[in-house]
$ cat query_29.txt   # compact mmCIF, C-alpha atoms
# COMPACT_ATOMS: atom_id res chain seq x y z
CA MET A 137 92.30 66.04 108.75
CA SER A 138 89.04 66.90 107.08
CA THR A 139 87.32 66.84 110.49
CA ARG A 140 89.85 69.35 111.85
CA LEU A 141 89.33 71.60 108.84
CA ARG A 142 85.58 71.51 109.30
CA ALA A 143 85.98 72.37 112.97
CA ALA A 144 88.33 75.28 112.25
CA GLU A 145 86.38 76.79 109.38
CA ALA A 146 82.84 78.06 109.01
CA PRO A 147 80.96 78.47 105.72
CA LEU A 148 79.75 81.94 104.71
CA ARG A 149 77.19 82.25 101.94
CA LEU A 150 76.09 85.49 100.30
CA GLY A 151 73.71 84.96 97.44
CA GLY A 152 75.30 82.50 95.06
CA ALA A 153 78.82 82.88 96.44
CA SER A 154 80.29 81.04 99.42
CA TRP A 155 83.54 81.15 101.41
CA LEU A 156 85.15 79.16 104.21
CA LEU A 157 86.14 81.45 107.09
CA PRO A 158 89.20 80.27 109.07
CA LEU A 159 87.87 80.91 112.55
CA ARG A 160 91.14 80.65 114.50
CA SER A 161 92.99 82.90 112.06
CA LEU A 162 90.14 85.40 112.11
CA ALA A 163 90.02 85.41 115.91
CA ALA A 164 93.80 85.84 116.22
CA THR A 165 93.80 88.70 113.72
CA LEU A 166 90.92 90.52 115.44
CA ALA A 167 92.66 90.04 118.81
CA GLY A 168 95.78 91.58 117.28
CA VAL A 169 93.79 94.57 116.03
CA ALA A 170 92.27 95.08 119.50
CA LEU A 171 95.73 94.80 121.08
CA LEU A 172 97.11 97.32 118.58
CA VAL A 173 94.36 99.85 119.38
CA LEU A 174 95.05 99.45 123.12
CA LEU A 175 98.81 99.88 122.60
CA VAL A 176 98.34 102.98 120.42
CA ILE A 177 96.10 104.65 123.02
CA THR A 178 98.60 103.78 125.76
CA ASP A 179 101.48 105.13 123.68
CA LEU A 180 99.60 108.39 123.06
CA ALA A 181 98.66 108.75 126.72
CA THR A 182 102.03 108.09 128.36
CA GLY A 183 105.33 109.91 128.41
CA ASP A 184 106.88 112.78 130.34
CA PHE A 185 103.39 114.29 130.65
CA GLY A 186 100.80 111.57 131.08
CA ILE A 187 97.10 111.99 130.30
CA GLY A 188 94.13 109.62 130.50
CA PRO A 189 92.58 107.64 127.63
CA GLY A 190 89.56 109.95 127.71
CA ALA A 191 91.79 112.98 127.18
CA VAL A 192 93.48 111.19 124.27
CA PHE A 193 90.09 110.55 122.66
CA ARG A 194 88.99 114.17 123.13
CA ALA A 195 92.28 115.46 121.74
CA LEU A 196 91.96 113.28 118.65
CA VAL A 197 88.25 113.79 117.95
CA ILE A 198 87.18 117.08 119.53
CA GLY A 199 90.34 119.08 120.20
CA ASP A 200 88.79 121.28 122.89
CA ASP A 201 91.94 121.40 125.07
CA PRO A 202 94.79 123.19 123.27
CA ALA A 203 97.50 121.67 125.50
CA HIS A 204 96.29 118.09 125.08
CA THR A 205 95.66 118.63 121.38
CA LEU A 206 99.21 119.87 120.88
CA LEU A 207 100.63 117.01 122.92
CA VAL A 208 98.65 114.24 121.22
CA ARG A 209 98.17 115.45 117.65
CA GLU A 210 101.39 117.35 117.04
CA LEU A 211 103.96 115.63 119.26
CA ARG A 212 102.98 111.99 119.81
CA LEU A 213 100.60 110.96 117.02
CA PRO A 214 103.14 111.31 114.16
CA GLN A 215 105.70 109.11 115.94
CA VAL A 216 103.11 106.48 116.87
CA THR A 217 101.80 106.48 113.29
CA VAL A 218 105.30 105.87 111.96
CA ALA A 219 105.70 102.99 114.45
CA VAL A 220 102.42 101.39 113.31
CA LEU A 221 103.18 101.75 109.59
CA ALA A 222 106.81 100.63 109.81
CA GLY A 223 105.90 97.62 111.94
CA ALA A 224 103.10 96.61 109.58
CA ALA A 225 105.39 96.97 106.55
CA LEU A 226 108.14 94.87 108.14
CA GLY A 227 105.74 92.17 109.33
CA LEU A 228 104.12 91.91 105.90
CA ALA A 229 107.51 91.90 104.13
CA GLY A 230 108.71 89.06 106.36
CA ALA A 231 105.57 87.01 105.72
CA LEU A 232 106.03 87.43 101.96
CA THR A 233 109.71 86.44 101.87
CA GLN A 234 109.27 83.48 104.23
CA THR A 235 106.40 82.18 102.10
CA PHE A 236 108.27 82.96 98.89
CA ALA A 237 111.33 80.96 100.01
CA ARG A 238 109.37 78.37 102.03
CA ASN A 239 111.85 78.96 104.84
CA PRO A 240 111.29 80.64 108.26
CA LEU A 241 114.81 82.09 108.09
CA ALA A 242 114.12 83.98 104.86
CA SER A 243 113.30 87.46 106.15
CA PRO A 244 114.55 90.72 104.60
CA ASP A 245 117.09 90.93 107.46
CA ILE A 246 118.59 87.56 106.58
CA LEU A 247 118.38 87.93 102.77
CA GLY A 248 120.40 91.16 102.73
CA VAL A 249 117.60 93.50 101.65
CA THR A 250 117.71 95.47 104.90
CA GLN A 251 121.50 95.69 104.74
CA GLY A 252 121.31 97.06 101.19
CA ALA A 253 118.83 99.75 102.21
CA SER A 254 120.95 100.56 105.28
CA LEU A 255 124.15 100.93 103.26
CA ALA A 256 122.52 103.33 100.82
CA ALA A 257 120.95 105.35 103.66
CA VAL A 258 124.26 105.60 105.53
CA LEU A 259 125.94 106.85 102.37
CA VAL A 260 123.31 109.58 102.15
CA ILE A 261 123.63 110.51 105.83
CA VAL A 262 127.40 110.73 105.69
CA GLY A 263 127.31 112.49 102.30
CA THR A 264 124.80 115.05 103.57
CA ALA A 265 126.97 115.87 106.54
CA SER A 266 130.10 116.25 104.45
CA GLU A 267 128.31 118.81 102.28
CA GLY A 268 127.76 120.93 105.37
CA SER A 269 124.04 121.14 105.63
CA GLY A 270 124.32 123.23 108.74
CA GLY A 271 122.13 121.28 111.12
CA GLY A 272 124.03 118.02 110.81
CA PRO A 273 123.08 114.92 108.84
CA VAL A 274 119.83 114.19 110.66
CA ASP A 275 118.41 117.62 109.96
CA GLY A 276 119.83 118.00 106.46
CA ALA A 277 117.64 118.39 103.38
CA LEU A 278 118.88 115.16 101.87
CA GLN A 279 117.73 113.31 104.97
CA HIS A 280 114.16 114.08 103.94
CA PHE A 281 114.39 114.03 100.15
CA GLY A 282 117.30 111.67 99.57
CA LEU A 283 117.11 109.07 102.31
CA VAL A 284 113.86 107.47 101.15
CA PRO A 285 114.81 106.94 97.48
CA ALA A 286 118.29 105.88 98.55
CA ALA A 287 116.88 103.20 100.87
CA PHE A 288 114.57 102.01 98.09
CA ALA A 289 117.44 101.86 95.61
CA GLY A 290 119.68 100.05 98.09
CA GLY A 291 117.04 97.45 98.93
CA ILE A 292 116.18 96.81 95.28
CA THR A 293 119.87 96.56 94.35
CA ALA A 294 120.43 94.01 97.10
CA ALA A 295 117.42 91.99 95.92
CA VAL A 296 118.66 92.01 92.32
CA LEU A 297 122.13 90.98 93.50
CA LEU A 298 120.60 88.17 95.54
CA ARG A 299 118.57 86.94 92.59
CA VAL A 300 121.58 87.04 90.21
CA LEU A 301 123.95 85.29 92.62
CA ALA A 302 121.34 82.66 93.47
CA GLY A 303 121.31 81.91 89.73
CA GLY A 304 118.78 79.80 87.89
CA ARG A 305 118.16 77.87 91.10
CA GLY A 306 117.19 80.98 92.99
CA THR A 307 113.91 79.34 93.88
CA ASP A 308 115.72 76.73 95.97
CA PRO A 309 115.03 77.84 99.58
CA GLN A 310 118.35 76.60 100.96
CA ARG A 311 120.38 78.24 98.21
CA LEU A 312 118.42 81.49 98.46
CA VAL A 313 118.96 81.80 102.23
CA LEU A 314 122.67 80.98 102.07
CA THR A 315 123.17 83.46 99.23
CA GLY A 316 121.22 86.08 101.16
CA ILE A 317 123.39 85.60 104.25
CA ALA A 318 126.51 86.11 102.12
CA VAL A 319 125.07 89.21 100.40
CA GLY A 320 123.99 90.66 103.75
CA ALA A 321 127.43 90.06 105.27
CA VAL A 322 129.18 91.84 102.39
CA LEU A 323 126.79 94.82 102.52
CA ALA A 324 127.13 95.05 106.31
CA ALA A 325 130.92 95.04 105.94
CA LEU A 326 130.69 97.86 103.38
CA THR A 327 128.51 99.84 105.80
CA ARG A 328 131.12 99.45 108.54
CA TRP A 329 133.82 100.55 106.10
CA VAL A 330 131.85 103.71 105.27
CA LEU A 331 131.47 104.44 108.98
CA VAL A 332 135.21 103.99 109.54
CA ARG A 333 135.97 106.43 106.73
CA ALA A 334 133.50 109.05 108.04
CA SER A 335 134.21 111.67 110.68
CA ILE A 336 133.42 110.85 114.30
CA ASP A 337 130.30 113.05 114.37
CA ASP A 338 128.98 111.68 111.07
CA ALA A 339 129.68 108.09 112.09
CA ALA A 340 127.92 108.61 115.44
CA SER A 341 124.81 110.00 113.70
CA ALA A 342 124.76 107.16 111.18
CA GLN A 343 125.38 104.58 113.88
CA ARG A 344 122.44 105.86 115.89
CA TRP A 345 120.23 105.56 112.80
CA LEU A 346 121.50 102.00 112.21
CA PHE A 347 120.17 100.87 115.59
CA GLY A 348 116.64 101.73 114.46
CA ASN A 349 115.07 104.71 116.14
CA LEU A 350 111.63 106.29 116.39
CA ASP A 351 112.59 109.47 118.22
CA GLY A 352 111.55 112.63 116.39
CA ARG A 353 109.76 110.83 113.58
CA GLY A 354 107.07 112.98 111.92
CA TRP A 355 104.54 112.98 109.13
CA ASP A 356 107.27 113.35 106.49
CA HIS A 357 108.59 109.95 107.59
CA ALA A 358 105.11 108.40 107.69
CA VAL A 359 103.94 109.41 104.20
CA PRO A 360 106.37 107.26 102.12
CA VAL A 361 105.66 104.17 104.23
CA ALA A 362 101.90 104.79 104.02
CA VAL A 363 102.03 105.15 100.23
CA VAL A 364 104.04 101.94 99.76
CA LEU A 365 101.88 100.03 102.23
CA ALA A 366 98.68 101.21 100.53
CA ALA A 367 99.99 99.96 97.18
CA MET A 368 101.64 96.72 98.28
CA PHE A 369 99.07 95.48 100.80
CA PRO A 370 96.32 94.83 98.20
CA LEU A 371 98.91 93.31 95.85
CA SER A 372 100.07 90.99 98.65
CA LEU A 373 96.51 89.85 99.29
CA LEU A 374 96.04 89.14 95.57
CA LEU A 375 99.26 87.10 95.60
CA GLY A 376 98.17 85.20 98.71
CA ARG A 377 96.23 82.48 96.92
CA HIS A 378 99.10 81.82 94.50
CA LEU A 379 101.60 81.73 97.37
CA GLY A 380 99.42 79.12 99.07
CA ALA A 381 99.64 76.96 95.95
CA ILE A 382 103.44 77.43 95.78
CA GLN A 383 103.67 76.07 99.33
CA LEU A 384 102.46 72.73 97.91
CA GLY A 385 105.43 72.54 95.53
CA ASP A 386 106.31 73.92 92.11
CA ASP A 387 104.76 71.08 90.13
CA THR A 388 101.49 71.26 92.04
CA ALA A 389 101.39 75.04 91.67
CA ARG A 390 101.91 74.78 87.92
CA GLY A 391 99.15 72.19 87.79
CA LEU A 392 96.84 74.68 89.50
CA GLY A 393 97.63 77.29 86.87
CA VAL A 394 100.01 79.45 88.90
CA ARG A 395 102.57 81.42 86.89
CA LEU A 396 105.58 80.79 89.10
CA GLY A 397 107.96 83.35 87.59
CA ALA A 398 105.54 86.27 87.68
CA THR A 399 104.27 85.38 91.17
CA ARG A 400 107.76 85.16 92.63
CA LEU A 401 108.90 88.36 90.94
CA LEU A 402 105.90 90.34 92.23
CA THR A 403 106.25 88.83 95.71
CA LEU A 404 109.93 89.72 95.98
CA LEU A 405 109.27 93.22 94.61
CA ALA A 406 106.50 93.84 97.15
CA ALA A 407 108.65 92.58 100.03
CA VAL A 408 111.64 94.70 99.00
CA LEU A 409 109.58 97.88 98.66
CA LEU A 410 107.90 97.32 102.03
CA ALA A 411 111.18 96.63 103.84
CA ALA A 412 112.96 99.55 102.15
CA ALA A 413 110.14 101.95 103.02
CA ALA A 414 110.23 100.92 106.68
CA VAL A 415 114.02 101.15 106.85
CA SER A 416 113.98 104.60 105.27
CA ALA A 417 111.61 105.83 108.01
CA VAL A 418 112.97 104.26 111.18
CA GLY A 419 116.23 102.54 110.30
CA PRO A 420 116.78 98.78 110.37
CA LEU A 421 114.57 97.55 113.22
CA GLY A 422 116.10 94.13 113.63
CA PHE A 423 114.15 90.87 113.77
CA VAL A 424 110.65 92.36 113.29
CA ALA A 425 110.31 90.91 109.79
CA PHE A 426 112.00 87.71 110.98
CA ALA A 427 110.13 86.85 114.19
CA VAL A 428 106.67 88.36 113.77
CA PRO A 429 105.44 86.17 110.84
CA GLN A 430 106.35 83.00 112.75
CA ILE A 431 104.66 84.27 115.91
CA ALA A 432 101.55 85.11 113.87
CA LEU A 433 101.71 81.68 112.23
CA ARG A 434 101.61 79.96 115.62
CA LEU A 435 98.75 82.16 116.77
CA THR A 436 96.63 81.58 113.68
CA GLY A 437 97.50 77.90 113.27
CA GLY A 438 97.81 77.99 109.48
CA SER A 439 100.25 76.30 107.13
CA ARG A 440 102.17 79.46 106.16
CA PRO A 441 102.80 82.92 107.65
CA PRO A 442 99.52 84.88 107.52
CA LEU A 443 99.82 88.18 105.68
CA VAL A 444 97.25 90.32 107.52
CA ALA A 445 98.04 88.98 110.99
CA SER A 446 101.79 89.46 110.39
CA ALA A 447 101.20 93.11 109.52
CA VAL A 448 99.02 93.62 112.61
CA TYR A 449 101.41 91.95 115.06
CA GLY A 450 104.41 93.67 113.44
CA ALA A 451 102.75 97.00 114.22
CA CYS A 452 102.09 95.81 117.79
CA LEU A 453 105.76 94.89 118.34
CA VAL A 454 107.12 98.22 117.10
CA VAL A 455 104.58 100.21 119.17
CA VAL A 456 105.63 98.16 122.24
CA ALA A 457 109.26 99.01 121.47
CA ASP A 458 108.36 102.71 121.28
CA LEU A 459 106.44 102.48 124.56
CA MET A 460 109.33 100.81 126.39
CA CYS A 461 111.92 103.23 125.04
CA ARG A 462 109.89 106.28 126.13
CA ASN A 463 108.60 105.03 129.47
CA VAL A 464 110.66 102.12 130.80
CA LEU A 465 114.21 102.13 129.49
CA ALA A 466 116.84 104.79 129.96
CA SER A 467 116.60 107.86 127.76
CA GLY A 468 118.26 107.42 124.38
CA VAL A 469 117.83 103.65 124.05
CA PRO A 470 116.76 103.03 120.43
CA ALA A 471 113.74 100.91 119.54
CA GLY A 472 115.94 98.52 117.58
CA VAL A 473 117.45 97.31 120.85
CA VAL A 474 114.01 96.22 122.10
CA THR A 475 113.09 94.41 118.87
CA ALA A 476 116.49 92.69 118.88
CA CYS A 477 115.92 91.51 122.44
CA VAL A 478 112.70 89.85 121.24
CA GLY A 479 114.01 88.46 117.95
CA ALA A 480 117.51 87.26 118.84
CA PRO A 481 116.41 84.60 121.38
CA TYR A 482 113.80 83.44 118.88
CA LEU A 483 116.50 83.06 116.19
CA ILE A 484 118.62 80.95 118.55
CA TRP A 485 115.61 78.79 119.47
CA LEU A 486 114.72 78.32 115.80
CA LEU A 487 118.28 77.31 114.88
CA VAL A 488 118.46 74.82 117.77
CA ARG A 489 115.08 73.36 116.82
CA THR A 490 116.11 73.06 113.16
CA ASN A 491 119.39 71.39 114.15
CA ARG A 492 117.55 68.85 116.31
CA ARG A 493 115.21 67.98 113.46
CA THR A 494 118.20 67.52 111.16
CA THR A 495 120.17 65.28 113.53
CA VAL A 496 117.30 63.14 114.87

$ encode --input "query_29.txt" --output "structure tokens"
Amino acid sequence: MSTRLRAAEAPLRLGGASWLLPLRSLAATLAGVALLVLLVITDLATGDFGIGPGAVFRALVIGDDPAHTLLVRELRLPQVTVAVLAGAALGLAGALTQTFARNPLASPDILGVTQGASLAAVLVIVGTASEGSGGGPVDGALQHFGLVPAAFAGGITAAVLLRVLAGGRGTDPQRLVLTGIAVGAVLAALTRWVLVRASIDDAASAQRWLFGNLDGRGWDHAVPVAVVLAAMFPLSLLLGRHLGAIQLGDDTARGLGVRLGATRLLTLLAAVLLAAAAVSAVGPLGFVAFAVPQIALRLTGGSRPPLVASAVYGACLVVVADLMCRNVLASGVPAGVVTACVGAPYLIWLLVRTNRRTTV
């Protein structure tokens, strides 16, 4: 074991300080960053009017061609930015909750956080339309100023409900996941009930949002996610060392001086805020927070979902979904369909694998 650790890590010394660099994790993360840059350039260059990578670079940096500048900066860059930020937020949120619960099933989708944010957002969309905003629920004022805080409030409420119902044993991974599934099912049922009570036009608009969509997303959608990500990403990195100790067990973590209650509370808060921010911008993109941390874990070869790599590969997946929806699939297919096509088979494989381990 020690030999493998020495082979996978390299010492770095600066003055009197020293660190062990995990080479495989570092290589996988840098590869993810390179892949993300390539995907972003491709997403900016392709569409109904395609341009070359060189034209994309000139439009972003120089801006000497008014047509290309308008196309890249004004029309495509905001949507791609939202895809990157939302994917990073969902990937990081999933890594936090799966580490927090020590369970690969414990993503915000499974724990009911996404369903809580979705229910609150649907209430705002339907409520905006019923007030007659003129342009419909998607263009209404509350869509911009009410949807984001509503999604935050819904996600936080769902997390509080999960914590209360899980009781004093809320740290038990099995109990937490089962409680989260029940909370998510109830909130999803309430969302369907709201849609049934709404008019056909309002329900159709809300239903389209519930599939997760990147069409028409602009800077006003990107700013809230960027603010939350800028605040929660450093906090997540600070919590990383304590989460690594918690992976060894509660008693060991206490022995290492970890304050379990405060660490778990901050971790859950960060994950809820990240998931709610992403949902408020693009709707509930299914399975990103669930599948990406486990994919990143297998790429980096660590003992728990990596935080930085999960954020990077989450951004990659959502940008791929945006690319496919705009260039490959039929017009109008939401990005949530693509992410579900990636995550659903993985969920089935994970359940089958878990069942085999249990029965063998």

$ closest_atom_pairs --input "query_29.txt" --of "segment 270-384 of chain A" --to "segment 206-226 of chain A" --cutoff "6 Å" --atoms "all atoms listed in the file" --output "CSV"
residue,atom,partner,partner_atom,distance
A:Arg353,CA,A:Gln215,CA,5.0
A:Gly354,CA,A:Pro214,CA,4.8
A:Trp355,CA,A:Pro214,CA,5.5
A:Ala358,CA,A:Val218,CA,5.0

$ residues_around --input "query_29.txt" --residues "segment 236-245 of chain A" --least-positions-apart "6" --cutoff "8 Å" --atoms "all atoms listed in the file" --output "list in words"
Ala229, Gly230, Gln251, Thr307, Asp308, Pro309, Gln310, Leu312, Val313, Gly320, Leu379, Ile382, Gln383, Arg400, Thr403, Leu404, Ala407, Val408, Ala411, Gly422, Phe423, Ala425, Phe426 and Gln430 of chain A

$ residues_around --input "query_29.txt" --residues "Gln343 of chain A" --least-positions-apart "6" --cutoff "10 Å" --atoms "all atoms listed in the file" --output "PDB file with C-alpha atoms, in the coordinates of the input"
ATOM      1  CA  VAL A 258     124.260 105.600 105.530  1.00  0.00           C
ATOM      2  CA  THR A 327     128.510  99.840 105.800  1.00  0.00           C
ATOM      3  CA  ARG A 328     131.120  99.450 108.540  1.00  0.00           C
ATOM      4  CA  LEU A 331     131.470 104.440 108.980  1.00  0.00           C
ATOM      5  CA  ASP A 337     130.300 113.050 114.370  1.00  0.00           C
TER       6      ASP A 337
END

$ closest_residue --input "query_29.txt" --among "A:Leu228, A:Ala445, A:Val474, A:Ala427" --to "Ala406 of chain A" --atoms "all atoms listed in the file"
A:Leu228

$ residues_around --input "query_29.txt" --residues "Ala417 of chain A" --least-positions-apart "2" --cutoff "9 Å" --atoms "only C-alpha atoms" --output "list in words"
Val218, Ala222, Leu283, Val284, Asn349, Leu350, Arg353, Asp356, His357, Ala358, Pro360, Val361, Ala412, Ala413, Ala414, Val415 and Gly419 of chain A

$ write_last_selection --input "query_29.txt" --atoms "C-alpha atoms" --output "CSV table (one decimal), in the frame of the given file"
chain,number,residue,atom,x,y,z
A,218,VAL,CA,105.3,105.9,112.0
A,222,ALA,CA,106.8,100.6,109.8
A,283,LEU,CA,117.1,109.1,102.3
A,284,VAL,CA,113.9,107.5,101.2
A,349,ASN,CA,115.1,104.7,116.1
A,350,LEU,CA,111.6,106.3,116.4
A,353,ARG,CA,109.8,110.8,113.6
A,356,ASP,CA,107.3,113.4,106.5
A,357,HIS,CA,108.6,110.0,107.6
A,358,ALA,CA,105.1,108.4,107.7
A,360,PRO,CA,106.4,107.3,102.1
A,361,VAL,CA,105.7,104.2,104.2
A,412,ALA,CA,113.0,99.6,102.2
A,413,ALA,CA,110.1,102.0,103.0
A,414,ALA,CA,110.2,100.9,106.7
A,415,VAL,CA,114.0,101.2,106.8
A,419,GLY,CA,116.2,102.5,110.3

$ closest_residue --input "query_29.txt" --among "A:Val428, A:Ala334, A:Leu465, A:Val173" --to "Tyr449 of chain A" --atoms "all atoms listed in the file"
A:Val428

$ residues_around --input "query_29.txt" --residues "Leu323 of chain A" --least-positions-apart "2" --cutoff "9 Å" --atoms "all atoms listed in the file" --output "PyMOL selection string"
chain A and resi 248+251-252+254-255+294+318-321+325-328

$ closest_residue --input "query_29.txt" --among "A:Gly190, A:Pro429, A:Gly397, A:Pro420" --to "Tyr482 of chain A" --atoms "only C-alpha atoms"
A:Pro429

$ closest_residue --input "query_29.txt" --among "A:Ala367, A:Leu409, A:Gly391, A:Leu375" --to "Gly290 of chain A" --atoms "all atoms listed in the file"
A:Leu409

$ build_atoms --input "query_29.txt" --residues "segment 378-400 of chain A" --atoms "N, CA and C atoms" --output "CSV table (one decimal), keeping the file's coordinate frame"
chain,number,residue,atom,x,y,z
A,378,HIS,N,98.0,82.5,95.3
A,378,HIS,CA,99.1,81.8,94.5
A,378,HIS,C,100.2,81.4,95.4
A,379,LEU,N,100.5,82.1,96.4
A,379,LEU,CA,101.6,81.7,97.4
A,379,LEU,C,101.2,80.5,98.1
A,380,GLY,N,99.9,80.3,98.4
A,380,GLY,CA,99.4,79.1,99.1
A,380,GLY,C,99.6,77.9,98.2
A,381,ALA,N,99.4,78.1,96.9
A,381,ALA,CA,99.6,77.0,96.0
A,381,ALA,C,101.1,76.6,95.8
A,382,ILE,N,102.0,77.7,95.9
A,382,ILE,CA,103.4,77.4,95.8
A,382,ILE,C,103.9,76.6,97.0
A,383,GLN,N,103.3,76.8,98.1
A,383,GLN,CA,103.7,76.1,99.3
A,383,GLN,C,103.5,74.6,99.1
A,384,LEU,N,102.7,74.2,98.2
A,384,LEU,CA,102.5,72.7,97.9
A,384,LEU,C,103.5,72.2,97.0
A,385,GLY,N,104.4,73.0,96.5
A,385,GLY,CA,105.4,72.5,95.5
A,385,GLY,C,105.2,73.2,94.2
A,386,ASP,N,106.4,73.3,93.4
A,386,ASP,CA,106.3,73.9,92.1
A,386,ASP,C,105.4,73.2,91.1
A,387,ASP,N,105.5,71.9,91.1
A,387,ASP,CA,104.8,71.1,90.1
A,387,ASP,C,103.3,71.2,90.4
A,388,THR,N,102.9,71.1,91.7
A,388,THR,CA,101.5,71.3,92.0
A,388,THR,C,101.0,72.7,91.7
A,389,ALA,N,101.8,73.7,92.0
A,389,ALA,CA,101.4,75.0,91.7
A,389,ALA,C,101.2,75.2,90.2
A,390,ARG,N,102.1,74.7,89.4
A,390,ARG,CA,101.9,74.8,87.9
A,390,ARG,C,100.6,74.1,87.5
A,391,GLY,N,100.4,72.9,88.1
A,391,GLY,CA,99.2,72.2,87.8
A,391,GLY,C,97.9,73.0,88.1
A,392,LEU,N,98.0,73.8,89.1
A,392,LEU,CA,96.8,74.7,89.5
A,392,LEU,C,96.8,76.0,88.7
A,393,GLY,N,97.7,76.1,87.7
A,393,GLY,CA,97.6,77.3,86.9
A,393,GLY,C,98.4,78.5,87.4
A,394,VAL,N,99.3,78.3,88.4
A,394,VAL,CA,100.0,79.4,88.9
A,394,VAL,C,101.2,79.7,88.0
A,395,ARG,N,101.4,81.0,87.7
A,395,ARG,CA,102.6,81.4,86.9
A,395,ARG,C,103.7,81.7,87.9
A,396,LEU,N,104.6,80.7,88.0
A,396,LEU,CA,105.6,80.8,89.1
A,396,LEU,C,106.5,82.0,89.0
A,397,GLY,N,107.0,82.2,87.8
A,397,GLY,CA,108.0,83.4,87.6
A,397,GLY,C,107.4,84.7,87.9
A,398,ALA,N,106.2,85.0,87.4
A,398,ALA,CA,105.5,86.3,87.7
A,398,ALA,C,105.2,86.4,89.2
A,399,THR,N,104.7,85.3,89.8
A,399,THR,CA,104.3,85.4,91.2
A,399,THR,C,105.5,85.7,92.1
A,400,ARG,N,106.6,85.0,91.8
A,400,ARG,CA,107.8,85.2,92.6
A,400,ARG,C,108.4,86.5,92.4
